[in-house]
file work19.txt (compact mmCIF, C-alpha atoms)
# COMPACT_ATOMS: atom_id res chain seq x y z
CA MET A 495 -59.31 -27.04 33.37
CA ASN A 496 -56.94 -25.99 36.05
CA GLY A 497 -57.58 -22.32 35.49
CA MET A 498 -59.45 -22.09 38.77
CA LEU A 499 -56.57 -23.50 40.86
CA GLU A 500 -53.23 -22.08 41.75
CA PRO A 501 -50.37 -23.88 39.95
CA SER A 502 -49.09 -25.38 43.19
CA ASP A 503 -52.58 -26.62 44.09
CA PHE A 504 -52.98 -28.11 40.61
CA GLU A 505 -49.69 -29.99 41.00
CA ASP A 506 -50.93 -31.34 44.34
CA LEU A 507 -54.21 -32.38 42.72
CA VAL A 508 -52.44 -34.33 39.94
CA ALA A 509 -50.09 -35.91 42.48
CA TRP A 510 -53.14 -36.88 44.65
CA LEU A 511 -54.83 -38.48 41.61
CA ASP A 512 -51.63 -40.46 40.96
CA GLY A 513 -51.37 -41.47 44.65
CA GLU A 514 -48.10 -39.65 45.11
CA LEU A 515 -48.98 -37.17 47.88
CA PRO A 516 -47.98 -37.63 51.54
CA GLU A 517 -50.82 -38.85 53.68
CA ALA A 518 -51.55 -35.56 55.49
CA ARG A 519 -51.63 -33.52 52.31
CA ALA A 520 -53.58 -36.29 50.52
CA ARG A 521 -56.31 -36.09 53.20
CA GLU A 522 -56.44 -32.34 52.85
CA VAL A 523 -56.68 -32.51 49.02
CA GLU A 524 -59.38 -35.16 49.30
CA ARG A 525 -61.38 -32.81 51.54
CA LEU A 526 -60.91 -29.91 49.08
CA VAL A 527 -62.09 -32.05 46.13
CA ARG A 528 -65.10 -33.05 48.13
CA GLU A 529 -66.07 -29.58 49.44
CA ASN A 530 -64.63 -27.05 47.01
CA PRO A 531 -66.34 -26.81 43.58
CA ALA A 532 -63.22 -25.59 41.82
CA TRP A 533 -61.14 -28.49 43.15
CA ALA A 534 -63.96 -30.89 42.31
CA GLN A 535 -64.19 -29.60 38.72
CA ALA A 536 -60.44 -29.82 38.25
CA ALA A 537 -60.40 -33.37 39.60
CA ARG A 538 -63.18 -34.43 37.22
CA GLU A 539 -61.35 -33.00 34.22
CA GLN A 540 -58.10 -34.74 35.11
CA ARG A 541 -59.88 -38.09 35.63
CA ARG A 542 -61.61 -37.69 32.25
CA LEU A 543 -58.24 -36.97 30.61
CA ASP A 544 -56.75 -40.09 32.15
CA GLU A 545 -59.69 -42.13 30.79
CA LEU A 546 -59.19 -40.72 27.27
CA LEU A 547 -55.48 -41.46 27.29
CA THR A 548 -56.07 -44.95 28.59
CA ALA A 549 -58.67 -45.57 25.88
CA CYS A 550 -56.23 -44.68 23.10
CA GLU A 551 -54.55 -47.68 21.50
CA ALA A 552 -50.85 -47.23 20.95
CA PRO A 553 -49.51 -48.50 17.62
CA PRO A 554 -47.64 -51.78 17.86
CA VAL A 555 -43.91 -51.34 18.42
CA PRO A 556 -41.88 -52.89 15.63
CA ASP A 557 -39.61 -55.62 16.78
CA ASP A 558 -36.56 -54.01 15.22
CA LEU A 559 -37.21 -50.54 16.68
CA PRO A 560 -34.55 -50.78 19.41
CA ALA A 561 -31.96 -51.94 16.90
CA ARG A 562 -32.90 -49.11 14.53
CA ILE A 563 -32.64 -46.52 17.28
CA VAL A 564 -29.24 -47.81 18.31
CA ALA A 565 -28.02 -47.87 14.70
CA ARG A 566 -29.31 -44.31 14.08
CA ALA A 567 -27.72 -43.10 17.29
CA ARG A 568 -24.37 -44.64 16.32
CA GLY A 569 -24.55 -43.10 12.84
CA VAL A 570 -25.26 -39.64 14.19
CA SER A 571 -22.55 -40.07 16.75
CA ALA A 572 -20.01 -41.16 14.15
CA HIS A 573 -20.90 -38.28 11.81
CA ARG A 574 -20.77 -35.82 14.66
CA THR A 575 -17.41 -37.23 15.76
CA ILE A 576 -15.96 -36.87 12.25
CA ARG A 577 -17.31 -33.32 11.97
CA LEU A 578 -15.90 -32.38 15.36
CA ARG A 579 -12.50 -33.86 14.45
CA TRP A 580 -12.51 -31.93 11.19
CA MET A 581 -13.50 -28.74 12.97
CA ARG A 582 -10.74 -29.19 15.51
CA VAL A 583 -8.22 -29.20 12.67
CA ALA A 584 -9.87 -26.76 10.29
CA VAL A 585 -10.66 -23.97 12.72
CA PRO A 586 -7.11 -23.52 14.02
CA LEU A 587 -5.80 -23.86 10.44
CA ALA A 588 -8.20 -21.21 9.21
CA ALA A 589 -7.24 -18.96 12.08
CA ALA A 590 -3.55 -19.53 11.44
CA ALA A 591 -4.03 -18.92 7.72
CA ALA A 592 -5.88 -15.68 8.39
CA VAL A 593 -3.17 -14.49 10.77
CA ALA A 594 -0.44 -15.52 8.34
CA LEU A 595 -2.22 -13.73 5.50
CA ALA A 596 -2.55 -10.57 7.57
CA VAL A 597 1.13 -10.71 8.53
CA MET A 598 2.21 -11.33 4.94
CA LEU A 599 0.13 -8.47 3.60
CA TRP A 600 1.43 -6.22 6.32
CA ASN A 601 5.03 -7.18 5.59
CA ASP A 602 4.52 -6.79 1.84
CA ARG A 603 3.09 -3.31 2.14
CA PRO A 604 5.14 -0.69 0.31
CA THR A 605 7.84 0.61 2.59
CA PRO A 606 7.81 4.40 2.83
CA PRO A 607 10.91 6.28 1.75
CA PRO A 608 13.34 5.68 4.57
CA SER A 609 15.08 8.98 4.80
CA ARG A 610 13.11 11.95 3.55
CA ASP A 611 14.21 13.66 6.73
CA GLY A 612 17.83 13.13 5.89
CA GLY A 613 18.29 9.98 7.96
CA GLN A 614 20.51 7.21 6.72
CA ALA A 615 18.96 3.92 5.69
CA PRO A 616 21.06 0.78 5.70
CA ILE A 617 21.64 -0.64 2.24
CA ALA A 618 21.53 -4.39 2.07
CA ALA A 619 24.09 -5.97 -0.22
CA GLY A 620 22.53 -6.76 -3.58
CA GLU A 621 19.37 -4.85 -2.79
CA PRO A 622 20.25 -1.26 -3.64
CA LEU A 623 16.66 -0.25 -4.39
CA ARG A 624 15.02 -1.94 -1.42
CA GLY A 625 12.92 0.30 0.77
CA LEU A 626 12.48 3.00 -1.89
CA ASP A 627 9.10 4.02 -3.20
CA GLU A 628 8.35 4.23 -6.93
CA THR A 629 9.60 7.77 -7.36
CA ASP A 630 12.86 7.33 -5.47
CA ARG A 631 13.45 3.99 -7.13
CA PHE A 632 13.25 5.56 -10.58
CA VAL A 633 15.46 8.47 -9.58
CA VAL A 634 18.13 6.24 -8.04
CA SER A 635 18.01 3.87 -11.03
CA ASN A 636 18.56 6.81 -13.36
CA MET A 637 20.67 9.03 -11.16
CA GLU A 638 22.94 10.01 -14.06
CA PHE A 639 19.97 11.49 -15.84
CA PHE A 640 18.52 13.37 -12.88
CA ARG A 641 21.93 14.59 -11.80
CA ASN A 642 22.08 16.33 -15.16
CA TYR A 643 18.37 16.95 -15.53
CA GLU A 644 18.60 20.73 -15.69
CA VAL A 645 21.25 20.57 -18.39
CA CYS A 646 19.20 18.15 -20.46
CA GLU A 647 16.18 20.37 -19.97
CA VAL A 648 17.98 23.51 -21.16
CA LEU A 649 19.50 21.72 -24.12
CA ALA A 650 16.14 20.20 -25.12
CA LYS A 651 13.99 23.27 -24.56
CA SER A 652 16.17 26.14 -25.73
CA ASP A 653 14.99 25.71 -29.31
CA GLY A 654 18.55 25.30 -30.51
CA LEU A 655 19.90 28.35 -28.68
CA VAL A 656 22.01 26.32 -26.30
CA ASP A 657 24.00 23.24 -27.16
CA VAL A 658 27.06 21.65 -25.64
CA GLU A 659 29.29 23.86 -27.78
CA THR A 660 27.60 26.94 -26.38
CA LEU A 661 27.99 25.63 -22.83
CA GLU A 662 31.70 25.19 -23.48
CA ALA A 663 31.92 28.62 -25.06
CA ILE A 664 30.30 30.18 -21.98
CA GLY A 665 33.11 28.71 -19.91
CA ARG A 666 35.68 30.26 -22.18
CA VAL A 667 33.91 33.64 -22.07
CA ASP A 668 33.79 33.53 -18.29
CA LYS A 669 37.43 32.61 -18.02
CA ALA A 670 38.27 35.58 -20.15
CA ARG A 671 36.40 37.82 -17.68
CA PRO A 672 38.22 37.62 -14.36
CA GLY A 673 35.92 38.01 -11.38
CA GLN A 674 32.98 36.42 -13.16
CA GLY A 675 32.21 32.77 -12.81
CA SER A 676 29.64 30.32 -13.99
CA MET B 959 -18.43 -16.51 26.26
CA THR B 960 -18.48 -20.00 24.69
CA MET B 961 -15.54 -21.50 22.88
CA ASN B 962 -17.36 -21.32 19.53
CA ALA B 963 -18.13 -17.65 20.02
CA THR B 964 -14.50 -16.98 20.96
CA ILE B 965 -13.28 -18.73 17.82
CA ARG B 966 -15.79 -16.82 15.71
CA TYR B 967 -14.64 -13.49 17.14
CA PHE B 968 -10.99 -14.44 16.69
CA LEU B 969 -11.49 -15.47 13.06
CA SER B 970 -13.48 -12.36 12.36
CA ALA B 971 -10.70 -10.23 13.81
CA CYS B 972 -8.12 -12.09 11.71
CA VAL B 973 -10.05 -11.71 8.50
CA LEU B 974 -10.75 -8.05 9.28
CA ALA B 975 -7.06 -7.46 9.90
CA ALA B 976 -6.19 -9.15 6.60
CA MET B 977 -8.77 -7.08 4.72
CA THR B 978 -7.51 -3.89 6.34
CA ALA B 979 -3.92 -4.68 5.47
CA ALA B 980 -4.91 -5.52 1.90
CA ALA B 981 -6.90 -2.31 1.58
CA ALA B 982 -4.00 -0.28 2.97
CA ALA B 983 -1.59 -1.87 0.55
CA GLN B 984 -3.97 -1.31 -2.34
CA SER B 985 -4.54 2.34 -1.49
CA ASP B 986 -0.77 2.88 -1.24
CA ASP B 987 -0.33 1.27 -4.64
CA GLU B 988 -3.02 3.45 -6.15
CA ALA B 989 -1.48 6.57 -4.66
CA ARG B 990 1.90 5.74 -6.14
CA LEU B 991 0.50 4.63 -9.49
CA SER B 992 0.04 8.24 -10.56
CA LEU B 993 3.80 8.77 -10.18
CA ARG B 994 4.80 5.65 -12.07
CA ALA B 995 6.34 5.83 -15.49
CA PRO B 996 3.99 3.71 -17.61
CA ALA B 997 5.39 0.51 -19.03
CA GLY B 998 6.62 1.03 -22.58
CA SER B 999 6.72 4.81 -22.18
CA VAL B 1000 9.66 6.97 -23.15
CA ALA B 1001 10.32 7.50 -19.47
CA ARG B 1002 10.69 3.76 -19.07
CA GLN B 1003 13.08 3.70 -22.01
CA LEU B 1004 15.36 5.82 -19.87
CA ASP B 1005 15.82 2.81 -17.61
CA LEU B 1006 16.91 0.71 -20.56
CA LYS B 1007 19.20 3.41 -21.84
CA MET B 1008 20.90 3.74 -18.49
CA ARG B 1009 21.44 0.01 -18.37
CA LEU B 1010 22.98 0.02 -21.81
CA LEU B 1011 25.25 2.90 -20.91
CA ARG B 1012 26.41 1.06 -17.82
CA ALA B 1013 26.96 -2.11 -19.79
CA ASN B 1014 29.03 -0.22 -22.33
CA SER B 1015 31.12 1.37 -19.60
CA GLY B 1016 31.89 -2.01 -18.05
CA VAL B 1017 30.03 -1.23 -14.82
CA THR B 1018 27.67 -3.90 -13.58
CA LEU B 1019 24.09 -2.91 -12.91
CA ALA B 1020 24.36 -3.88 -9.25
CA ALA B 1021 27.51 -1.85 -8.76
CA ALA B 1022 25.97 1.19 -10.47
CA LEU B 1023 22.79 0.97 -8.43
CA ASN B 1024 24.73 0.56 -5.21
CA HIS B 1025 26.78 3.61 -6.09
CA ASN B 1026 23.61 5.58 -6.88
CA ARG B 1027 21.92 4.47 -3.69
CA HIS B 1028 24.87 5.56 -1.59
CA GLU B 1029 24.87 8.89 -3.37
CA TRP B 1030 21.12 9.18 -2.78
CA GLU B 1031 21.56 8.52 0.92
CA SER B 1032 24.20 11.23 1.11
CA LEU B 1033 21.90 13.87 -0.36
CA SER B 1034 20.08 16.34 1.85
CA PRO B 1035 16.26 16.16 2.03
CA ASP B 1036 16.04 19.30 -0.11
CA GLN B 1037 18.27 17.80 -2.76
CA ARG B 1038 16.23 14.62 -2.86
CA ASP B 1039 13.03 16.60 -3.13
CA ARG B 1040 14.57 18.47 -6.04
CA TYR B 1041 15.21 15.22 -7.87
CA ARG B 1042 11.70 14.05 -7.05
CA ARG B 1043 10.22 17.24 -8.48
CA GLU B 1044 12.30 16.77 -11.60
CA TYR B 1045 11.06 13.22 -11.92
CA VAL B 1046 7.45 14.39 -11.73
CA ALA B 1047 8.19 17.19 -14.21
CA PHE B 1048 9.80 14.66 -16.53
CA LEU B 1049 6.75 12.41 -16.43
CA ARG B 1050 4.58 15.36 -17.37
CA GLU B 1051 6.63 16.20 -20.44
CA SER B 1052 5.38 15.03 -23.81
CA PRO B 1053 6.94 11.82 -25.12
CA GLU B 1054 8.73 13.86 -27.79
CA GLN B 1055 10.20 16.18 -25.20
CA GLN B 1056 11.15 13.26 -22.98
CA ARG B 1057 12.89 11.58 -25.89
CA GLU B 1058 14.80 14.75 -26.73
CA MET B 1059 15.93 15.20 -23.14
CA ILE B 1060 17.18 11.64 -23.01
CA GLU B 1061 19.05 12.13 -26.26
CA LYS B 1062 20.77 15.19 -24.83
CA LEU B 1063 22.11 13.02 -22.05
CA ASP B 1064 24.26 11.17 -24.57
CA LYS B 1065 26.37 14.26 -25.19
CA LEU B 1066 26.70 14.90 -21.49
CA ILE B 1067 27.80 11.35 -20.78
CA ALA B 1068 30.63 11.90 -23.23
CA ALA B 1069 31.86 14.91 -21.25
CA SER B 1070 34.06 14.68 -18.17
CA ALA B 1071 32.65 14.85 -14.66
CA GLU B 1072 34.16 18.30 -14.23
CA GLN B 1073 32.61 19.52 -17.46
CA ARG B 1074 29.20 18.18 -16.45
CA ALA B 1075 29.45 19.96 -13.11
CA ASP B 1076 30.15 23.21 -14.98
CA TYR B 1077 27.25 22.56 -17.35
CA ARG B 1078 24.88 22.04 -14.43
CA GLN B 1079 25.86 25.33 -12.89
CA ARG B 1080 25.39 27.13 -16.21
CA ALA B 1081 22.08 25.44 -16.94
CA ARG B 1082 20.55 26.95 -13.79
CA TRP B 1083 21.10 30.55 -14.78
CA LEU B 1084 20.59 29.84 -18.47
CA LYS B 1085 16.91 29.00 -17.83
CA VAL B 1086 16.36 32.47 -16.41
CA VAL B 1087 18.52 34.20 -19.02
CA LEU B 1088 16.85 32.49 -21.99
CA ALA B 1089 13.41 33.44 -20.65
CA SER B 1090 14.45 37.10 -20.64
CA PHE B 1091 14.92 37.25 -24.41
CA THR B 1092 12.14 38.29 -26.76
CA ASP B 1093 11.31 36.15 -29.76
CA ALA B 1094 13.12 38.58 -32.04
CA GLN B 1095 16.22 38.50 -29.85
CA ARG B 1096 16.11 34.74 -29.80
CA GLU B 1097 16.10 34.71 -33.59
CA GLN B 1098 19.18 36.91 -33.55
CA LEU B 1099 20.87 34.56 -31.10
CA LYS B 1100 20.14 31.62 -33.35
CA ALA B 1101 22.01 33.28 -36.17
CA MET B 1102 25.14 33.68 -34.04
CA THR B 1103 28.08 31.32 -33.65
CA PRO B 1104 28.36 29.46 -30.31
CA GLU B 1105 31.10 31.86 -29.24
CA GLN B 1106 29.03 34.97 -30.05
CA ARG B 1107 25.97 33.47 -28.45
CA ALA B 1108 27.91 32.60 -25.33
CA LYS B 1109 29.07 36.16 -25.03
CA ALA B 1110 25.52 37.49 -25.43
CA LEU B 1111 24.20 35.08 -22.86
CA VAL B 1112 26.90 35.95 -20.33
CA GLU B 1113 26.25 39.67 -20.85
CA ARG B 1114 22.54 39.16 -20.23
CA ARG B 1115 23.31 37.08 -17.18
CA ASP B 1116 25.50 39.80 -15.70
CA GLU B 1117 22.83 42.38 -16.46
CA LEU B 1118 20.17 40.34 -14.67
CA ILE B 1119 22.46 39.86 -11.69
CA ARG B 1120 23.12 43.62 -11.52
CA THR B 1121 19.42 44.37 -11.56
CA GLY B 1122 18.74 41.78 -8.88
CA LYS B 1123 16.68 39.56 -11.19
CA LEU B 1124 19.10 36.66 -10.99
CA GLN B 1125 21.16 35.15 -8.26
CA LEU B 1126 23.74 32.51 -8.98
CA GLU B 1127 23.42 29.33 -6.98
CA ASP B 1128 25.96 26.78 -5.95
CA ASP B 1129 25.86 23.44 -7.70
CA ALA B 1130 23.98 22.04 -4.75
CA PRO B 1131 22.74 18.63 -5.94
CA ALA B 1132 25.97 17.84 -7.65
CA THR B 1133 27.88 17.15 -4.47
CA GLN B 1134 29.54 14.23 -6.14
CA PRO B 1135 30.49 15.18 -9.68
CA GLN B 1136 29.90 12.31 -12.06

call {"tool": "encode", "arguments": {"input": "work19.txt", "output": "structure tokens"}}
result
Amino acid sequence: MNGMLEPSDFEDLVAWLDGELPEARAREVERLVRENPAWAQAAREQRRLDELLTACEAPPVPDDLPARIVARARGVSAHRTIRLRWMRVAVPLAAAAAVALAVMLWNDRPTPPPSRDGGQAPIAAGEPLRGLDETDRFVVSNMEFFRNYEVCEVLAKSDGLVDVETLEAIGRVDKARPGQGS
Amino acid sequence: MTMNATIRYFLSACVLAAMTAAAAAQSDDEARLSLRAPAGSVARQLDLKMRLLRANSGVTLAAALNHNRHEWESLSPDQRDRYRREYVAFLRESPEQQREMIEKLDKLIAASAEQRADYRQRARWLKVVLASFTDAQREQLKAMTPEQRAKALVERRDELIRTGKLQLEDDAPATQPQ
């Protein structure tokens, strides 16, 4: 094979065999093939390969082969064109949908309590509970209860010791004791 | 970088952002879920009761909620935290206790705003005073008339104040008597 020659020399040898080398280089290659055993061996192998390839019979080419190739090429081209068109629409849509989804989820996230530090939050008309978390929402919805939570707790947990009558009576007792208040 | 690779990276970033936002929202929901009055619970019945009370008093729900929200915004952070603690405490009460507390509200609603403000102030020291009685003393109190009991409670209150075990507070959260 060409294992004995440098790649560039092998290319020159093949080109010389095909009659494609310039005259000066062709004469030099001819001399090398004649005098150098490695070049001679390589030249013999390449000639033998040419003879084998020439001896092989190629299968007959069907008459409709060109038409079939053209038809196949057009089909592939049309399919590829449709797919590319679809991709041009679908990819931006998918990207836009993903962005829109991210924005919607971000906007729909629970808003933290607006004013735990005492700041004032604007109240939109008709949306009195907007911007409140679950706890604050419940408290604001039932403010009457939590405003009086401690009273309800005492009344419910005093085991009957304190009722509204007792609360009223405490007021009367306190009023009767100047200097004391409740 | 090729156009396809750019699109792939962009889509990946978009989907990642969406997943992150969804995860954040979900984790927030889960965190708040523990402080949510379960549907159908007694605590939730409070909502219904409040709505009925408003309806009976001729106040629309929107007007009542707007009023409450404005009141809420006017409260100090400490006052809001107090209500929040009470809400959590309420959720932790047994359904029976919750129901009883809600029932007690009926009697308070019937009282005037000024009376309720007085009751709130008394309730704060009453919790400490009641805890100072022994079981036997509590039985004696039960046998008394409201007037006698009131006198005994006030005497115990004054005693606790003298000994430094009780300090009367202002009616802080009730800045707007209702």

call {"tool": "closest_residue", "arguments": {"input": "work19.txt", "among": "A:Pro586, A:Arg631, A:Pro516, A:Val555", "to": "Arg1038 in chain B", "atoms": "only C-alpha atoms"}}
result
A:Arg631

call {"tool": "residues_around", "arguments": {"input": "work19.txt", "residues": "Val634 in chain A", "least_positions_apart": "3", "cutoff": "9 Å", "atoms": "all atoms listed in the file", "output": "number ranges by chain"}}
result
A: 622-623, 626, 629-631, 637-638, 640; B: 1023, 1026-1027, 1029-1030

call {"tool": "residues_around", "arguments": {"input": "work19.txt", "residues": "range 1107-1111 of chain B", "least_positions_apart": "6", "cutoff": "12 Å", "atoms": "all atoms listed in the file", "output": "ChimeraX atom specification"}}
result
/A:654-671,676 /B:1080-1081,1083-1091,1095-1101,1117-1118

call {"tool": "write_last_selection", "arguments": {"input": "work19.txt", "atoms": "C-alpha atoms", "output": "compact mmCIF listing (two decimals), in the coordinates of the input"}}
result
# COMPACT_ATOMS: atom_id res chain seq x y z
CA GLY A 654 18.55 25.30 -30.51
CA LEU A 655 19.90 28.35 -28.68
CA VAL A 656 22.01 26.32 -26.30
CA ASP A 657 24.00 23.24 -27.16
CA VAL A 658 27.06 21.65 -25.64
CA GLU A 659 29.29 23.86 -27.78
CA THR A 660 27.60 26.94 -26.38
CA LEU A 661 27.99 25.63 -22.83
CA GLU A 662 31.70 25.19 -23.48
CA ALA A 663 31.92 28.62 -25.06
CA ILE A 664 30.30 30.18 -21.98
CA GLY A 665 33.11 28.71 -19.91
CA ARG A 666 35.68 30.26 -22.18
CA VAL A 667 33.91 33.64 -22.07
CA ASP A 668 33.79 33.53 -18.29
CA LYS A 669 37.43 32.61 -18.02
CA ALA A 670 38.27 35.58 -20.15
CA ARG A 671 36.40 37.82 -17.68
CA SER A 676 29.64 30.32 -13.99
CA ARG B 1080 25.39 27.13 -16.21
CA ALA B 1081 22.08 25.44 -16.94
CA TRP B 1083 21.10 30.55 -14.78
CA LEU B 1084 20.59 29.84 -18.47
CA LYS B 1085 16.91 29.00 -17.83
CA VAL B 1086 16.36 32.47 -16.41
CA VAL B 1087 18.52 34.20 -19.02
CA LEU B 1088 16.85 32.49 -21.99
CA ALA B 1089 13.41 33.44 -20.65
CA SER B 1090 14.45 37.10 -20.64
CA PHE B 1091 14.92 37.25 -24.41
CA GLN B 1095 16.22 38.50 -29.85
CA ARG B 1096 16.11 34.74 -29.80
CA GLU B 1097 16.10 34.71 -33.59
CA GLN B 1098 19.18 36.91 -33.55
CA LEU B 1099 20.87 34.56 -31.10
CA LYS B 1100 20.14 31.62 -33.35
CA ALA B 1101 22.01 33.28 -36.17
CA GLU B 1117 22.83 42.38 -16.46
CA LEU B 1118 20.17 40.34 -14.67

call {"tool": "atom_distance", "arguments": {"input": "work19.txt", "atom1": "CA of Thr1103 in chain B", "atom2": "CA of Val648 in chain A"}}
result
17.9 Å

call {"tool": "axis_aligned_box", "arguments": {"input": "work19.txt", "around": "range 1036-1053 of chain B", "padding_each_side": "3 Å", "output": "lines of an AutoDock Vina configuration file"}}
result
center_x = 11.4
center_y = 15.6
center_z = -12.6
size_x = 19.7
size_y = 13.5
size_z = 31.0
